Amino acid sequence: ACDHTYVPAAIYCERCMGSLDQWVDMGTMGEIHTFTLLYENYDGTLRDEPEIVAFIQFGNGGIVHRLGEIQPEEVCIGMSVDAVIVPPSERQGSIQDITHFRPVNR
């Protein structure tokens with residue numbers, strides 16, 4: 001009812017409490033809203049190379065995911081990125097079907 005798009009999808013709008021029953025294809029391209037470098041693994045051990053994690057914006061929302069195929073010093077806010085998706089035969093229908101995001105038109 002208020003024209004807000006949720007990424008990832010939700011079942012109701014937190015703004016107007018309206019039911020969200022319409023799906024909109026947001027595509028695979030988004031924009032880096034913010035990012036950080038991870039220097040430690042989940043178990044606290046140091047990483048050999050930092051991992052880049054970013055909030056990828058799609059419309060009014062977005063997701064947090066890994067960036068790849070780019071060096072940390074090349075990443076910038078506002079950069080367009082595209083999802084790298086596993087082959088169809090390996091997909092499970094989850095966020096893990098996206099291996100990472102890579103820059104578009106570097």
# chains A, B, ... in the order shown; residues from 1 in each chain; ligands from 1

$ select_by_dssp --residues "region 37-87 of chain A" --states "strand (DSSP E or B)" --output "ChimeraX atom specification"
/A:37-40,46-58,61-67,80-85

$ residues_around --residues "Ile63 (chain A)" --least-positions-apart "5" --cutoff "12 Å" --atoms "only C-alpha atoms" --output "PDB file with N, CA, C and O atoms, in the first residue's frame"
ATOM      1  N   TYR A   6      10.725  -4.643  -0.316  1.00  0.00           N
ATOM      2  CA  TYR A   6      11.588  -5.297   0.660  1.00  0.00           C
ATOM      3  C   TYR A   6      12.529  -6.287  -0.009  1.00  0.00           C
ATOM      4  O   TYR A   6      12.105  -7.161  -0.749  1.00  0.00           O
ATOM      5  N   VAL A   7      13.813  -6.111   0.247  1.00  0.00           N
ATOM      6  CA  VAL A   7      14.839  -7.064  -0.175  1.00  0.00           C
ATOM      7  C   VAL A   7      15.677  -7.329   1.061  1.00  0.00           C
ATOM      8  O   VAL A   7      16.308  -6.409   1.583  1.00  0.00           O
ATOM      9  N   PRO A   8      15.694  -8.578   1.560  1.00  0.00           N
ATOM     10  CA  PRO A   8      14.945  -9.730   1.075  1.00  0.00           C
ATOM     11  C   PRO A   8      13.443  -9.578   1.325  1.00  0.00           C
ATOM     12  O   PRO A   8      13.012  -8.694   2.063  1.00  0.00           O
ATOM     13  N   ALA A   9      12.677 -10.456   0.702  1.00  0.00           N
ATOM     14  CA  ALA A   9      11.215 -10.403   0.767  1.00  0.00           C
ATOM     15  C   ALA A   9      10.710 -10.535   2.202  1.00  0.00           C
ATOM     16  O   ALA A   9      11.366 -11.116   3.058  1.00  0.00           O
ATOM     17  N   THR A  28      19.816  -9.024 -10.728  1.00  0.00           N
ATOM     18  CA  THR A  28      21.017  -9.491 -10.028  1.00  0.00           C
ATOM     19  C   THR A  28      22.024  -8.378  -9.777  1.00  0.00           C
ATOM     20  O   THR A  28      23.052  -8.607  -9.167  1.00  0.00           O
ATOM     21  N   MET A  29      21.718  -7.169 -10.257  1.00  0.00           N
ATOM     22  CA  MET A  29      22.649  -6.059 -10.086  1.00  0.00           C
ATOM     23  C   MET A  29      22.203  -5.132  -8.965  1.00  0.00           C
ATOM     24  O   MET A  29      21.026  -4.807  -8.856  1.00  0.00           O
ATOM     25  N   GLY A  30      23.167  -4.748  -8.149  1.00  0.00           N
ATOM     26  CA  GLY A  30      22.903  -3.826  -7.059  1.00  0.00           C
ATOM     27  C   GLY A  30      24.032  -2.820  -6.942  1.00  0.00           C
ATOM     28  O   GLY A  30      24.914  -2.753  -7.805  1.00  0.00           O
ATOM     29  N   GLU A  31      24.015  -2.081  -5.860  1.00  0.00           N
ATOM     30  CA  GLU A  31      25.012  -1.035  -5.643  1.00  0.00           C
ATOM     31  C   GLU A  31      25.556  -1.143  -4.226  1.00  0.00           C
ATOM     32  O   GLU A  31      24.793  -1.368  -3.282  1.00  0.00           O
ATOM     33  N   ILE A  32      26.861  -0.976  -4.072  1.00  0.00           N
ATOM     34  CA  ILE A  32      27.472  -1.046  -2.748  1.00  0.00           C
ATOM     35  C   ILE A  32      27.054   0.182  -1.945  1.00  0.00           C
ATOM     36  O   ILE A  32      27.302   1.314  -2.341  1.00  0.00           O
ATOM     37  N   HIS A  33      26.405  -0.082  -0.808  1.00  0.00           N
ATOM     38  CA  HIS A  33      25.980   0.992   0.086  1.00  0.00           C
ATOM     39  C   HIS A  33      27.059   1.248   1.142  1.00  0.00           C
ATOM     40  O   HIS A  33      27.336   2.386   1.509  1.00  0.00           O
ATOM     41  N   THR A  34      27.651   0.173   1.647  1.00  0.00           N
ATOM     42  CA  THR A  34      28.757   0.243   2.599  1.00  0.00           C
ATOM     43  C   THR A  34      29.486  -1.090   2.566  1.00  0.00           C
ATOM     44  O   THR A  34      28.949  -2.080   2.058  1.00  0.00           O
ATOM     45  N   PHE A  35      30.698  -1.130   3.095  1.00  0.00           N
ATOM     46  CA  PHE A  35      31.468  -2.379   3.092  1.00  0.00           C
ATOM     47  C   PHE A  35      32.468  -2.380   4.235  1.00  0.00           C
ATOM     48  O   PHE A  35      32.749  -1.349   4.844  1.00  0.00           O
ATOM     49  N   VAL A  53      33.150  -7.774   2.679  1.00  0.00           N
ATOM     50  CA  VAL A  53      31.721  -7.983   2.865  1.00  0.00           C
ATOM     51  C   VAL A  53      31.041  -6.629   2.697  1.00  0.00           C
ATOM     52  O   VAL A  53      31.523  -5.619   3.220  1.00  0.00           O
ATOM     53  N   ALA A  54      29.932  -6.614   1.965  1.00  0.00           N
ATOM     54  CA  ALA A  54      29.262  -5.342   1.681  1.00  0.00           C
ATOM     55  C   ALA A  54      27.756  -5.465   1.855  1.00  0.00           C
ATOM     56  O   ALA A  54      27.189  -6.548   1.752  1.00  0.00           O
ATOM     57  N   PHE A  55      27.128  -4.318   2.104  1.00  0.00           N
ATOM     58  CA  PHE A  55      25.678  -4.234   2.032  1.00  0.00           C
ATOM     59  C   PHE A  55      25.377  -3.823   0.599  1.00  0.00           C
ATOM     60  O   PHE A  55      25.747  -2.724   0.168  1.00  0.00           O
ATOM     61  N   ILE A  56      24.726  -4.724  -0.147  1.00  0.00           N
ATOM     62  CA  ILE A  56      24.380  -4.491  -1.541  1.00  0.00           C
ATOM     63  C   ILE A  56      22.942  -3.998  -1.576  1.00  0.00           C
ATOM     64  O   ILE A  56      22.022  -4.700  -1.154  1.00  0.00           O
ATOM     65  N   GLN A  57      22.764  -2.790  -2.084  1.00  0.00           N
ATOM     66  CA  GLN A  57      21.435  -2.174  -2.106  1.00  0.00           C
ATOM     67  C   GLN A  57      20.692  -2.516  -3.392  1.00  0.00           C
ATOM     68  O   GLN A  57      21.242  -2.441  -4.489  1.00  0.00           O
ATOM     69  N   PHE A  58      19.439  -2.936  -3.224  1.00  0.00           N
ATOM     70  CA  PHE A  58      18.498  -3.202  -4.308  1.00  0.00           C
ATOM     71  C   PHE A  58      17.248  -2.401  -3.999  1.00  0.00           C
ATOM     72  O   PHE A  58      16.525  -2.744  -3.062  1.00  0.00           O
ATOM     73  N   ALA A  83      25.538 -10.223  -9.100  1.00  0.00           N
ATOM     74  CA  ALA A  83      25.618 -11.489  -8.387  1.00  0.00           C
ATOM     75  C   ALA A  83      26.230 -12.574  -9.266  1.00  0.00           C
ATOM     76  O   ALA A  83      25.910 -12.676 -10.447  1.00  0.00           O
ATOM     77  N   ILE A  95      20.019 -18.069  -0.167  1.00  0.00           N
ATOM     78  CA  ILE A  95      21.015 -17.013  -0.355  1.00  0.00           C
ATOM     79  C   ILE A  95      22.372 -17.609  -0.718  1.00  0.00           C
ATOM     80  O   ILE A  95      23.202 -16.954  -1.346  1.00  0.00           O
ATOM     81  N   ILE A  98      24.061 -17.605  -4.251  1.00  0.00           N
ATOM     82  CA  ILE A  98      24.934 -16.511  -4.687  1.00  0.00           C
ATOM     83  C   ILE A  98      26.297 -16.747  -4.053  1.00  0.00           C
ATOM     84  O   ILE A  98      26.421 -16.734  -2.826  1.00  0.00           O
ATOM     85  N   HIS A 100      29.094 -14.838  -4.631  1.00  0.00           N
ATOM     86  CA  HIS A 100      29.607 -13.511  -4.290  1.00  0.00           C
ATOM     87  C   HIS A 100      29.065 -12.506  -5.291  1.00  0.00           C
ATOM     88  O   HIS A 100      28.362 -12.876  -6.229  1.00  0.00           O
ATOM     89  N   PHE A 101      29.392 -11.252  -5.075  1.00  0.00           N
ATOM     90  CA  PHE A 101      29.083 -10.192  -6.034  1.00  0.00           C
ATOM     91  C   PHE A 101      30.386  -9.706  -6.638  1.00  0.00           C
ATOM     92  O   PHE A 101      31.406  -9.638  -5.934  1.00  0.00           O
TER      93      PHE A 101
END

$ atom_distance --atom1 "CA of Arg102 (chain A)" --atom2 "CA of Gln22 (chain A)"
28.5 Å

$ residues_around --residues "Ala1 (chain A)" --least-positions-apart "5" --cutoff "10 Å" --atoms "only C-alpha atoms" --output "ChimeraX atom specification"
/A:13,15-20

$ residues_around --residues "region 37-50 of chain A" --least-positions-apart "5" --cutoff "12 Å" --atoms "only C-alpha atoms" --output "number ranges by chain"
A: 65-68, 70-73, 75

$ atom_distance --atom1 "CA of Ser80 (chain A)" --atom2 "CA of Pro103 (chain A)"
6.0 Å

$ select_by_dssp --residues "chain A" --states "helix (DSSP H, G or I)" --output "JSON, numbers by chain"
{"A": [72, 73, 74, 88, 89, 90, 95, 96, 97]}
